[in-house]
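Participant: One structure coming up, written as structure tokens, with questions to follow.
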Amino acid sequence: MALATQVMTDEQRKSVALEYLKAFDHAGVTSTGGAILDLFADDAQVYLPKWGIAEGKAEIGRLFGDVGGTLKSIKHDYASFNWIFSGGDTVVAEGTSYGEHQDGSWRAGVPEWGAGRWCDVFEIRDFLIQRVFIYLDPDYAGQDTARYPWLDRG
């Protein structure tokens with residue numbers, strides 16, 4: 001990863017993270033009409049459970065294509081986000097989402113154990129995402145009951 005050359009405030013880092021999340025809600029298109037990958041450094045890393053770590057824009061594009069290919073729609077609940085600032089390059093966003101997966105719809109809290117709650121840990125420097133580790137259950141429709149039998153008890 002490159003050395004930082006541009007000083008950023010927490011609010012500027014937050015704006016980059018928000019742009020990234022809003023791009024997901026708009027099928028990977030940013031508010032300026034660019035691609036979500038434009039928000040990333042060339043050597044960035046993205047982690048997603050059950051996918052692993054994608055390194056570089058090409059792999060990140062594959063990860064987003066794999067995950068995005070299973071989603072019909074997604075919306076984040078921006079008003080209820082919890083932001084944590086480190087005083088450095090790291091910003092944490094915790095929130096909820098809802099939408100429709102190829103296997104069915106989801107909404108955070110319905111049911112309480114279901115998908116929709118997530119936490120993203122960002123490293124943002126030079127107005128680019130250097131790293132984002134996404135912590136969520138990618139079983140959006142909650143159909144992984146064969147391996148987690150307590151889910152069937154409703």
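Chain identifiers are assigned as A, B, and so on, following the order in which chains appear in the structure tokens; residues are numbered from 1 within each chain, and ligands are numbered from 1 in order of appearance.
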Excluding Ile74 in chain A and residues on its chain fewer than 3 positions from it, collect all residues at most 6 Å away from it, counting only C-alpha atoms, and give them as a ChimeraX atom specification.
Facilitator: /A:25,98-99
Participant: Go ahead and write the selection's residues with N, CA and C atoms as a PDB file, in the first residue's frame.
Facilitator:
ATOM      1  N   ASP A  25     -26.110   0.310  -3.431  1.00  0.00           N
ATOM      2  CA  ASP A  25     -27.561   0.468  -3.568  1.00  0.00           C
ATOM      3  C   ASP A  25     -27.975   0.837  -4.992  1.00  0.00           C
ATOM      4  N   TYR A  98     -31.604  -4.064   3.827  1.00  0.00           N
ATOM      5  CA  TYR A  98     -32.714  -4.914   3.409  1.00  0.00           C
ATOM      6  C   TYR A  98     -32.654  -5.026   1.901  1.00  0.00           C
ATOM      7  N   GLY A  99     -33.344  -6.008   1.362  1.00  0.00           N
ATOM      8  CA  GLY A  99     -33.359  -6.164  -0.082  1.00  0.00           C
ATOM      9  C   GLY A  99     -33.888  -7.510  -0.499  1.00  0.00           C
TER      10      GLY A  99
END
Participant: Just asking: which residues within chain A are alpha helix (DSSP H) according to DSSP, as a ChimeraX atom specification?
Facilitator: /A:10-25,56-68
Participant: Can you pull out the residues contacting Phe85 in chain A? Cut-off 12 Å, using only C-alpha atoms, and skip same-chain residues under 3 positions away; I want them as a list in words.
Facilitator: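 Counting only C-alpha atoms, the residues come to Thr9, Asp10, Glu11, Gln12, Arg13, Lys14, Ala17, Asn82, Gly88, Asp89, Thr90, Val91, Val92, Ala93, Glu94, Val121, Phe122, Glu123 and Ile124 of chain A.
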Participant: Return as a Markdown table the residues of range 55-82 of chain A lying at most 6 Å from range 28-48 of chain A, together with the closest atom-to-atom pair for each and the distance in Å to one decimal, counting only C-alpha atoms, with rows in chain order and ascending residue number.
Facilitator:
| residue | atom | partner | partner_atom | distance |
| --- | --- | --- | --- | --- |
| A:Glu55 | CA | A:Gln45 | CA | 4.6 |
| A:Gly56 | CA | A:Asp43 | CA | 4.4 |
| A:Lys57 | CA | A:Asp42 | CA | 5.8 |
Participant: Go ahead and compute the interatomic distance for CA of Cys119 in chain A and CA of Gly52 in chain A, in Å to one decimal.
Facilitator: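 Interatomic distance, CA of Cys119 in chain A to CA of Gly52 in chain A: 15.9 Å.
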Participant: Quick one, how far is CA of Gln102 in chain A from CA of Gly116 in chain A?
Facilitator: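 Here the two named atoms are 15.0 Å from each other.
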Participant: Run DSSP on the backbone and give me the residues of range 84-122 of chain A it puts in strand (DSSP E or B), as a ChimeraX atom specification.
Facilitator: /A:84-85,90-101,104-107,110,117-122
Participant: Please identify all polymer residues within 12 Å of Pro138 in chain A, counting only C-alpha atoms, omitting same-chain residues fewer than 4 positions from it, and present them as JSON, numbers by chain.
Facilitator: {"A": [47, 48, 49, 50, 51, 52, 66, 67, 68, 70, 71, 101, 102, 103, 106, 114, 115, 116, 117, 118, 134, 142, 143, 144]}
Participant: Those same residues, written as a CSV table (one decimal), in the first residue's frame with N, CA, C and O atoms?
Facilitator:
chain,number,residue,atom,x,y,z
A,47,TYR,N,-12.4,-8.1,2.0
A,47,TYR,CA,-12.7,-9.4,2.6
A,47,TYR,C,-14.2,-9.5,2.8
A,47,TYR,O,-14.9,-8.6,3.2
A,48,LEU,N,-14.7,-10.7,2.5
A,48,LEU,CA,-16.1,-11.0,2.7
A,48,LEU,C,-16.1,-12.5,3.2
A,48,LEU,O,-15.5,-13.4,2.5
A,49,PRO,N,-16.9,-12.8,4.3
A,49,PRO,CA,-17.0,-14.2,4.7
A,49,PRO,C,-17.5,-15.1,3.6
A,49,PRO,O,-18.3,-14.7,2.8
A,50,LYS,N,-17.0,-16.2,3.6
A,50,LYS,CA,-17.3,-17.3,2.6
A,50,LYS,C,-16.8,-17.0,1.2
A,50,LYS,O,-17.1,-17.7,0.3
A,51,TRP,N,-16.1,-15.9,1.0
A,51,TRP,CA,-15.5,-15.6,-0.3
A,51,TRP,C,-14.0,-15.5,0.0
A,51,TRP,O,-13.2,-16.1,-0.8
A,52,GLY,N,-13.5,-14.8,1.0
A,52,GLY,CA,-12.1,-14.6,1.3
A,52,GLY,C,-11.6,-13.2,1.0
A,52,GLY,O,-12.4,-12.3,1.0
A,66,ASP,N,-19.5,-11.7,-8.1
A,66,ASP,CA,-20.1,-13.0,-7.5
A,66,ASP,C,-21.2,-12.7,-6.5
A,66,ASP,O,-22.3,-13.3,-6.6
A,67,VAL,N,-21.0,-11.7,-5.6
A,67,VAL,CA,-22.0,-11.4,-4.6
A,67,VAL,C,-23.2,-10.6,-5.3
A,67,VAL,O,-24.3,-11.0,-5.1
A,68,GLY,N,-22.8,-9.6,-6.1
A,68,GLY,CA,-23.9,-8.8,-6.8
A,68,GLY,C,-24.8,-9.7,-7.7
A,68,GLY,O,-25.9,-9.4,-7.9
A,70,THR,N,-26.0,-12.4,-7.0
A,70,THR,CA,-27.0,-13.1,-6.3
A,70,THR,C,-28.1,-12.2,-5.7
A,70,THR,O,-29.1,-12.6,-5.2
A,71,LEU,N,-27.8,-10.8,-5.9
A,71,LEU,CA,-28.7,-9.8,-5.3
A,71,LEU,C,-29.6,-9.2,-6.4
A,71,LEU,O,-29.1,-8.8,-7.4
A,101,HIS,N,-32.6,-11.1,-2.4
A,101,HIS,CA,-31.6,-12.0,-2.9
A,101,HIS,C,-32.3,-13.0,-3.8
A,101,HIS,O,-33.5,-13.1,-3.9
A,102,GLN,N,-31.5,-13.7,-4.6
A,102,GLN,CA,-32.1,-14.6,-5.6
A,102,GLN,C,-32.9,-15.7,-4.8
A,102,GLN,O,-33.8,-16.3,-5.4
A,103,ASP,N,-32.6,-16.0,-3.6
A,103,ASP,CA,-33.3,-17.0,-2.8
A,103,ASP,C,-34.4,-16.4,-1.9
A,103,ASP,O,-35.1,-17.1,-1.2
A,106,TRP,N,-34.8,-10.2,2.5
A,106,TRP,CA,-34.4,-10.1,3.8
A,106,TRP,C,-34.5,-8.6,4.3
A,106,TRP,O,-34.6,-7.7,3.5
A,114,GLY,N,-31.7,-13.2,11.4
A,114,GLY,CA,-31.5,-13.2,9.9
A,114,GLY,C,-30.4,-12.2,9.4
A,114,GLY,O,-29.8,-11.5,10.2
A,115,ALA,N,-30.3,-12.2,8.2
A,115,ALA,CA,-29.3,-11.3,7.5
A,115,ALA,C,-29.7,-9.8,7.7
A,115,ALA,O,-30.9,-9.5,8.0
A,116,GLY,N,-28.8,-8.9,7.3
A,116,GLY,CA,-29.2,-7.5,7.3
A,116,GLY,C,-28.3,-6.7,8.2
A,116,GLY,O,-28.3,-5.5,8.1
A,117,ARG,N,-27.8,-7.3,9.3
A,117,ARG,CA,-26.9,-6.6,10.2
A,117,ARG,C,-25.4,-6.8,9.7
A,117,ARG,O,-25.0,-7.9,9.3
A,118,TRP,N,-24.7,-5.7,9.6
A,118,TRP,CA,-23.3,-5.8,9.1
A,118,TRP,C,-22.4,-4.8,9.7
A,118,TRP,O,-22.9,-3.8,10.4
A,134,ILE,N,-15.6,-6.7,5.3
A,134,ILE,CA,-17.0,-6.7,5.4
A,134,ILE,C,-17.4,-7.8,6.3
A,134,ILE,O,-17.2,-9.0,5.9
A,142,GLY,N,-31.4,-16.7,4.5
A,142,GLY,CA,-31.5,-17.5,5.7
A,142,GLY,C,-31.8,-19.0,5.4
A,142,GLY,O,-32.5,-19.6,6.2
A,143,GLN,N,-31.3,-19.5,4.3
A,143,GLN,CA,-31.6,-20.9,3.9
A,143,GLN,C,-30.6,-21.9,4.3
A,143,GLN,O,-30.7,-23.1,3.9
A,144,ASP,N,-29.6,-21.5,5.0
A,144,ASP,CA,-28.5,-22.4,5.4
A,144,ASP,C,-28.9,-23.2,6.7
A,144,ASP,O,-28.1,-23.4,7.6
Participant: Can you work out the spacing between CA of Gly104 in chain A and CA of Ala141 in chain A in Å, to one decimal?
Facilitator: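 Atom-to-atom, CA of Gly104 in chain A to CA of Ala141 in chain A, that is 5.2 Å.
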Participant: Between A:Arg107, A:Gly65, A:Ile60, A:Lys75, which one has atoms that come closest to Val132 in chain A, using only C-alpha atoms?
Facilitator: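 Of A:Arg107, A:Gly65, A:Ile60, A:Lys75, the one nearest Val132 in chain A, counting only C-alpha atoms, is A:Ile60.
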Participant: Please identify all polymer residues within 7 Å of Asp77 in chain A, counting only C-alpha atoms, omitting same-chain residues fewer than 6 positions from it, and present them as a count of residues only.
Facilitator: 3
Participant: Please list as a list in words every residue within 8 Å of Asp126 in chain A, counting only C-alpha atoms and excluding residues in the same chain fewer than 6 positions away.
Facilitator: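 Close residues of Asp126 in chain A: Ala4, Thr5, Gln6, Val7 and Met8 of chain A.
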